[in-house]
Amino acid sequence: MTNTHEAAPGSTVAVSAPRRGRHPFFVQLERFALVLAWLAIIAIFGTLAPDSFLSWANFSSIFGSQAVLVILTLGLIVPLTAGDIDLSVAQVLTLSSMIIAVLNVSLGWPIAAAIAVAIL
């Protein structure tokens, strides 16, 4: 809601109505919502299946399978903080990994050559 007030004869200045601020607790809760959701999921599955879910083998498998995404995310931090949003990063990662897999496994290329072709 915007009110207009006369600043000088013949001119108007827009003054915005004061917005009610959010409570600092809810601001902090929103900041850490993803971490809290992650901890809640661990607590739920840990309660339902503690022998299989809360094992070192399971955590090692989860973190090991996500290593590529962690490296990709670390590479995206700088452009995203600069405001340069590129939605093609996931597609490029997928295409590169498929090129490496096909060249190395199916065609028998050395891994270094397959990586070089994928980078090109």
# chains A, B, ... in the order shown; residues from 1 in each chain; ligands from 1
call {"tool": "residues_around", "arguments": {"residues": "Leu76 of chain A", "least_positions_apart": "5", "cutoff": "9 Å", "atoms": "only C-alpha atoms", "output": "PDB file with C-alpha atoms, in the first residue's frame"}}
result
ATOM      1  CA  ILE A  71      31.838 -31.148  -6.062  1.00  0.00           C
ATOM      2  CA  THR A  81      26.404 -15.796  -5.233  1.00  0.00           C
ATOM      3  CA  ILE A  85      22.145 -18.576 -12.599  1.00  0.00           C
ATOM      4  CA  ASP A  86      22.883 -21.289 -15.153  1.00  0.00           C
ATOM      5  CA  VAL A  89      24.970 -27.306 -15.256  1.00  0.00           C
TER       6      VAL A  89
END
call {"tool": "closest_residue", "arguments": {"among": "A:Ser97, A:Leu29, A:Val78, A:Phe59", "to": "Ile42 of chain A", "atoms": "only C-alpha atoms"}}
result
A:Phe59
call {"tool": "residues_around", "arguments": {"residues": "Ala114 of chain A", "least_positions_apart": "2", "cutoff": "10 Å", "atoms": "only C-alpha atoms", "output": "PDB file with N, CA, C and O atoms, in the first residue's frame"}}
result
ATOM      1  N   SER A  96      28.542 -35.203 -19.765  1.00  0.00           N
ATOM      2  CA  SER A  96      29.964 -35.509 -19.602  1.00  0.00           C
ATOM      3  C   SER A  96      30.170 -36.882 -18.980  1.00  0.00           C
ATOM      4  O   SER A  96      31.031 -37.655 -19.428  1.00  0.00           O
ATOM      5  N   SER A  97      29.393 -37.207 -17.962  1.00  0.00           N
ATOM      6  CA  SER A  97      29.552 -38.511 -17.322  1.00  0.00           C
ATOM      7  C   SER A  97      29.152 -39.643 -18.266  1.00  0.00           C
ATOM      8  O   SER A  97      29.776 -40.709 -18.268  1.00  0.00           O
ATOM      9  N   ILE A  99      29.385 -39.532 -21.607  1.00  0.00           N
ATOM     10  CA  ILE A  99      30.453 -39.626 -22.612  1.00  0.00           C
ATOM     11  C   ILE A  99      31.632 -40.421 -22.055  1.00  0.00           C
ATOM     12  O   ILE A  99      32.179 -41.307 -22.723  1.00  0.00           O
ATOM     13  N   ILE A 100      32.021 -40.128 -20.817  1.00  0.00           N
ATOM     14  CA  ILE A 100      33.134 -40.851 -20.201  1.00  0.00           C
ATOM     15  C   ILE A 100      32.793 -42.331 -20.059  1.00  0.00           C
ATOM     16  O   ILE A 100      33.612 -43.201 -20.374  1.00  0.00           O
ATOM     17  N   ALA A 101      31.584 -42.630 -19.606  1.00  0.00           N
ATOM     18  CA  ALA A 101      31.194 -44.029 -19.414  1.00  0.00           C
ATOM     19  C   ALA A 101      31.176 -44.794 -20.726  1.00  0.00           C
ATOM     20  O   ALA A 101      31.693 -45.921 -20.810  1.00  0.00           O
ATOM     21  N   VAL A 102      30.603 -44.218 -21.769  1.00  0.00           N
ATOM     22  CA  VAL A 102      30.507 -44.917 -23.054  1.00  0.00           C
ATOM     23  C   VAL A 102      31.894 -45.110 -23.660  1.00  0.00           C
ATOM     24  O   VAL A 102      32.231 -46.207 -24.129  1.00  0.00           O
ATOM     25  N   LEU A 103      32.698 -44.059 -23.655  1.00  0.00           N
ATOM     26  CA  LEU A 103      34.019 -44.174 -24.259  1.00  0.00           C
ATOM     27  C   LEU A 103      34.916 -45.147 -23.492  1.00  0.00           C
ATOM     28  O   LEU A 103      35.649 -45.933 -24.084  1.00  0.00           O
ATOM     29  N   ASN A 104      34.865 -45.109 -22.165  1.00  0.00           N
ATOM     30  CA  ASN A 104      35.748 -45.944 -21.354  1.00  0.00           C
ATOM     31  C   ASN A 104      35.267 -47.390 -21.289  1.00  0.00           C
ATOM     32  O   ASN A 104      36.050 -48.313 -21.529  1.00  0.00           O
ATOM     33  N   VAL A 105      34.011 -47.601 -20.988  1.00  0.00           N
ATOM     34  CA  VAL A 105      33.517 -48.960 -20.767  1.00  0.00           C
ATOM     35  C   VAL A 105      33.138 -49.643 -22.073  1.00  0.00           C
ATOM     36  O   VAL A 105      33.582 -50.751 -22.358  1.00  0.00           O
ATOM     37  N   LEU A 107      33.634 -48.635 -25.381  1.00  0.00           N
ATOM     38  CA  LEU A 107      34.586 -48.593 -26.490  1.00  0.00           C
ATOM     39  C   LEU A 107      36.020 -48.884 -26.076  1.00  0.00           C
ATOM     40  O   LEU A 107      36.910 -48.943 -26.923  1.00  0.00           O
ATOM     41  N   GLY A 108      36.277 -49.025 -24.783  1.00  0.00           N
ATOM     42  CA  GLY A 108      37.595 -49.407 -24.296  1.00  0.00           C
ATOM     43  C   GLY A 108      38.649 -48.313 -24.338  1.00  0.00           C
ATOM     44  O   GLY A 108      39.839 -48.598 -24.316  1.00  0.00           O
ATOM     45  N   TRP A 109      38.249 -47.052 -24.383  1.00  0.00           N
ATOM     46  CA  TRP A 109      39.215 -45.953 -24.387  1.00  0.00           C
ATOM     47  C   TRP A 109      39.862 -45.834 -23.011  1.00  0.00           C
ATOM     48  O   TRP A 109      39.242 -46.136 -21.989  1.00  0.00           O
ATOM     49  N   PRO A 110      41.090 -45.341 -22.936  1.00  0.00           N
ATOM     50  CA  PRO A 110      41.700 -45.048 -21.625  1.00  0.00           C
ATOM     51  C   PRO A 110      40.914 -43.924 -20.936  1.00  0.00           C
ATOM     52  O   PRO A 110      40.349 -43.053 -21.595  1.00  0.00           O
ATOM     53  N   ILE A 111      40.886 -43.961 -19.630  1.00  0.00           N
ATOM     54  CA  ILE A 111      40.077 -42.998 -18.874  1.00  0.00           C
ATOM     55  C   ILE A 111      40.527 -41.564 -19.117  1.00  0.00           C
ATOM     56  O   ILE A 111      39.702 -40.653 -19.204  1.00  0.00           O
ATOM     57  N   ALA A 112      41.829 -41.336 -19.254  1.00  0.00           N
ATOM     58  CA  ALA A 112      42.317 -39.976 -19.478  1.00  0.00           C
ATOM     59  C   ALA A 112      41.816 -39.426 -20.812  1.00  0.00           C
ATOM     60  O   ALA A 112      41.420 -38.261 -20.898  1.00  0.00           O
ATOM     61  N   ALA A 116      39.270 -36.257 -21.386  1.00  0.00           N
ATOM     62  CA  ALA A 116      39.643 -35.154 -22.269  1.00  0.00           C
ATOM     63  C   ALA A 116      38.554 -34.883 -23.305  1.00  0.00           C
ATOM     64  O   ALA A 116      38.218 -33.726 -23.576  1.00  0.00           O
ATOM     65  N   VAL A 117      37.982 -35.941 -23.890  1.00  0.00           N
ATOM     66  CA  VAL A 117      36.883 -35.758 -24.858  1.00  0.00           C
ATOM     67  C   VAL A 117      35.672 -35.158 -24.181  1.00  0.00           C
ATOM     68  O   VAL A 117      35.009 -34.276 -24.733  1.00  0.00           O
ATOM     69  N   ALA A 118      35.341 -35.609 -22.966  1.00  0.00           N
ATOM     70  CA  ALA A 118      34.189 -35.054 -22.262  1.00  0.00           C
ATOM     71  C   ALA A 118      34.381 -33.584 -21.923  1.00  0.00           C
ATOM     72  O   ALA A 118      33.433 -32.801 -21.983  1.00  0.00           O
ATOM     73  N   ILE A 119      35.605 -33.197 -21.577  1.00  0.00           N
ATOM     74  CA  ILE A 119      35.865 -31.779 -21.286  1.00  0.00           C
ATOM     75  C   ILE A 119      35.738 -30.933 -22.540  1.00  0.00           C
ATOM     76  O   ILE A 119      35.213 -29.822 -22.515  1.00  0.00           O
ATOM     77  N   LEU A 120      36.205 -31.472 -23.669  1.00  0.00           N
ATOM     78  CA  LEU A 120      36.074 -30.739 -24.921  1.00  0.00           C
ATOM     79  C   LEU A 120      34.618 -30.588 -25.298  1.00  0.00           C
ATOM     80  O   LEU A 120      34.171 -29.604 -25.815  1.00  0.00           O
TER      81      LEU A 120
END
call {"tool": "residues_around", "arguments": {"residues": "segment 65-70 of chain A", "least_positions_apart": "3", "cutoff": "12 Å", "atoms": "only C-alpha atoms", "output": "list in words"}}
result
Asn58, Phe59, Ser60, Ser61, Ile62, Thr73, Leu74, Gly75, Leu76, Ile77, Val89, Ala90, Leu93, Thr94 and Ser97 of chain A
call {"tool": "write_last_selection", "arguments": {"atoms": "C-alpha atoms", "output": "short mmCIF file (atom, residue, chain, number, x, y, z; two decimals), in the first residue's frame"}}
result
data_model
loop_
_atom_site.label_atom_id
_atom_site.label_comp_id
_atom_site.auth_asym_id
_atom_site.auth_seq_id
_atom_site.Cartn_x
_atom_site.Cartn_y
_atom_site.Cartn_z
CA ASN A 58 24.56 -46.96 5.00
CA PHE A 59 26.04 -43.54 5.77
CA SER A 60 29.14 -44.36 3.72
CA SER A 61 26.96 -45.38 0.79
CA ILE A 62 24.82 -42.22 1.03
CA THR A 73 27.72 -27.65 -5.86
CA LEU A 74 31.06 -26.30 -4.65
CA GLY A 75 31.77 -25.19 -8.21
CA LEU A 76 28.39 -23.47 -8.43
CA ILE A 77 28.69 -21.44 -5.24
CA VAL A 89 24.97 -27.31 -15.26
CA ALA A 90 23.16 -30.55 -14.40
CA LEU A 93 27.37 -32.98 -15.85
CA THR A 94 25.10 -35.78 -17.08
CA SER A 97 29.55 -38.51 -17.32
#
call {"tool": "select_by_dssp", "arguments": {"residues": "chain A", "states": "helix (DSSP H, G or I)", "output": "PDB file with C-alpha atoms, in the first residue's frame"}}
result
ATOM      1  CA  PRO A  24      13.791 -13.353  14.539  1.00  0.00           C
ATOM      2  CA  PHE A  25      13.093 -16.947  15.603  1.00  0.00           C
ATOM      3  CA  PHE A  26      11.188 -17.624  12.363  1.00  0.00           C
ATOM      4  CA  VAL A  27      13.931 -15.998  10.297  1.00  0.00           C
ATOM      5  CA  GLN A  28      16.525 -18.330  11.856  1.00  0.00           C
ATOM      6  CA  LEU A  29      14.176 -21.306  11.497  1.00  0.00           C
ATOM      7  CA  GLU A  30      13.836 -20.572   7.777  1.00  0.00           C
ATOM      8  CA  ARG A  31      17.622 -20.331   7.404  1.00  0.00           C
ATOM      9  CA  ALA A  33      14.987 -25.468   7.589  1.00  0.00           C
ATOM     10  CA  LEU A  34      16.824 -27.814   5.227  1.00  0.00           C
ATOM     11  CA  VAL A  35      19.219 -28.978   7.937  1.00  0.00           C
ATOM     12  CA  LEU A  36      16.324 -29.459  10.362  1.00  0.00           C
ATOM     13  CA  ALA A  37      14.361 -31.455   7.763  1.00  0.00           C
ATOM     14  CA  TRP A  38      17.446 -33.618   7.136  1.00  0.00           C
ATOM     15  CA  LEU A  39      17.847 -34.279  10.866  1.00  0.00           C
ATOM     16  CA  ALA A  40      14.129 -35.080  11.179  1.00  0.00           C
ATOM     17  CA  ILE A  41      14.350 -37.645   8.373  1.00  0.00           C
ATOM     18  CA  ILE A  42      17.398 -39.244  10.006  1.00  0.00           C
ATOM     19  CA  ALA A  43      15.509 -39.393  13.322  1.00  0.00           C
ATOM     20  CA  ILE A  44      12.383 -40.931  11.726  1.00  0.00           C
ATOM     21  CA  PHE A  45      14.231 -43.614   9.762  1.00  0.00           C
ATOM     22  CA  GLY A  46      16.632 -44.190  12.645  1.00  0.00           C
ATOM     23  CA  THR A  47      13.660 -44.933  14.889  1.00  0.00           C
ATOM     24  CA  LEU A  48      11.867 -47.151  12.361  1.00  0.00           C
ATOM     25  CA  PRO A  50      17.850 -48.559  13.552  1.00  0.00           C
ATOM     26  CA  ASP A  51      19.804 -51.708  12.619  1.00  0.00           C
ATOM     27  CA  SER A  52      19.919 -50.987   8.893  1.00  0.00           C
ATOM     28  CA  PHE A  53      19.622 -47.203   8.674  1.00  0.00           C
ATOM     29  CA  TRP A  56      28.271 -46.964   9.006  1.00  0.00           C
ATOM     30  CA  ALA A  57      27.790 -48.859   5.726  1.00  0.00           C
ATOM     31  CA  ASN A  58      24.563 -46.959   5.001  1.00  0.00           C
ATOM     32  CA  PHE A  59      26.043 -43.536   5.765  1.00  0.00           C
ATOM     33  CA  SER A  60      29.145 -44.361   3.720  1.00  0.00           C
ATOM     34  CA  SER A  61      26.958 -45.375   0.790  1.00  0.00           C
ATOM     35  CA  ILE A  62      24.822 -42.223   1.028  1.00  0.00           C
ATOM     36  CA  PHE A  63      27.769 -39.837   1.240  1.00  0.00           C
ATOM     37  CA  GLY A  64      29.812 -41.734  -1.351  1.00  0.00           C
ATOM     38  CA  SER A  65      27.043 -41.614  -3.935  1.00  0.00           C
ATOM     39  CA  ALA A  67      30.307 -36.918  -3.874  1.00  0.00           C
ATOM     40  CA  VAL A  68      29.883 -35.788  -7.494  1.00  0.00           C
ATOM     41  CA  LEU A  69      26.978 -33.531  -6.561  1.00  0.00           C
ATOM     42  CA  VAL A  70      28.978 -32.022  -3.700  1.00  0.00           C
ATOM     43  CA  ILE A  71      31.838 -31.148  -6.062  1.00  0.00           C
ATOM     44  CA  LEU A  72      29.367 -29.716  -8.585  1.00  0.00           C
ATOM     45  CA  THR A  73      27.720 -27.653  -5.855  1.00  0.00           C
ATOM     46  CA  LEU A  74      31.056 -26.298  -4.654  1.00  0.00           C
ATOM     47  CA  GLY A  75      31.772 -25.186  -8.209  1.00  0.00           C
ATOM     48  CA  LEU A  76      28.389 -23.469  -8.430  1.00  0.00           C
ATOM     49  CA  ILE A  77      28.687 -21.442  -5.238  1.00  0.00           C
ATOM     50  CA  VAL A  78      30.664 -18.573  -6.793  1.00  0.00           C
ATOM     51  CA  PRO A  79      28.436 -18.009  -9.867  1.00  0.00           C
ATOM     52  CA  LEU A  80      25.249 -18.317  -7.825  1.00  0.00           C
ATOM     53  CA  THR A  81      26.404 -15.796  -5.233  1.00  0.00           C
ATOM     54  CA  VAL A  89      24.970 -27.306 -15.256  1.00  0.00           C
ATOM     55  CA  ALA A  90      23.159 -30.546 -14.401  1.00  0.00           C
ATOM     56  CA  GLN A  91      22.700 -31.409 -18.072  1.00  0.00           C
ATOM     57  CA  VAL A  92      26.385 -30.779 -18.803  1.00  0.00           C
ATOM     58  CA  LEU A  93      27.371 -32.982 -15.847  1.00  0.00           C
ATOM     59  CA  THR A  94      25.103 -35.776 -17.076  1.00  0.00           C
ATOM     60  CA  LEU A  95      26.300 -35.529 -20.667  1.00  0.00           C
ATOM     61  CA  SER A  96      29.964 -35.509 -19.602  1.00  0.00           C
ATOM     62  CA  SER A  97      29.552 -38.511 -17.322  1.00  0.00           C
ATOM     63  CA  MET A  98      27.750 -40.456 -20.058  1.00  0.00           C
ATOM     64  CA  ILE A  99      30.453 -39.626 -22.612  1.00  0.00           C
ATOM     65  CA  ILE A 100      33.134 -40.851 -20.201  1.00  0.00           C
ATOM     66  CA  ALA A 101      31.194 -44.029 -19.414  1.00  0.00           C
ATOM     67  CA  VAL A 102      30.507 -44.917 -23.054  1.00  0.00           C
ATOM     68  CA  LEU A 103      34.019 -44.174 -24.259  1.00  0.00           C
ATOM     69  CA  ASN A 104      35.748 -45.944 -21.354  1.00  0.00           C
ATOM     70  CA  VAL A 105      33.517 -48.960 -20.767  1.00  0.00           C
ATOM     71  CA  SER A 106      31.833 -49.644 -24.090  1.00  0.00           C
ATOM     72  CA  ILE A 111      40.077 -42.998 -18.874  1.00  0.00           C
ATOM     73  CA  ALA A 112      42.317 -39.976 -19.478  1.00  0.00           C
ATOM     74  CA  ALA A 113      41.313 -39.810 -23.150  1.00  0.00           C
ATOM     75  CA  ALA A 114      37.625 -40.200 -22.265  1.00  0.00           C
ATOM     76  CA  ILE A 115      37.859 -37.367 -19.738  1.00  0.00           C
ATOM     77  CA  ALA A 116      39.643 -35.154 -22.269  1.00  0.00           C
ATOM     78  CA  VAL A 117      36.883 -35.758 -24.858  1.00  0.00           C
ATOM     79  CA  ALA A 118      34.189 -35.054 -22.262  1.00  0.00           C
ATOM     80  CA  ILE A 119      35.865 -31.779 -21.286  1.00  0.00           C
TER      81      ILE A 119
END
call {"tool": "select_by_dssp", "arguments": {"residues": "chain A", "states": "strand (DSSP E or B)", "output": "list in words"}}
result
Thr2, Asn3, Thr4, His5, Glu6, Ala7, Ala8, Ser11, Thr12, Val13, Ala14, Val15 and Ser16 of chain A
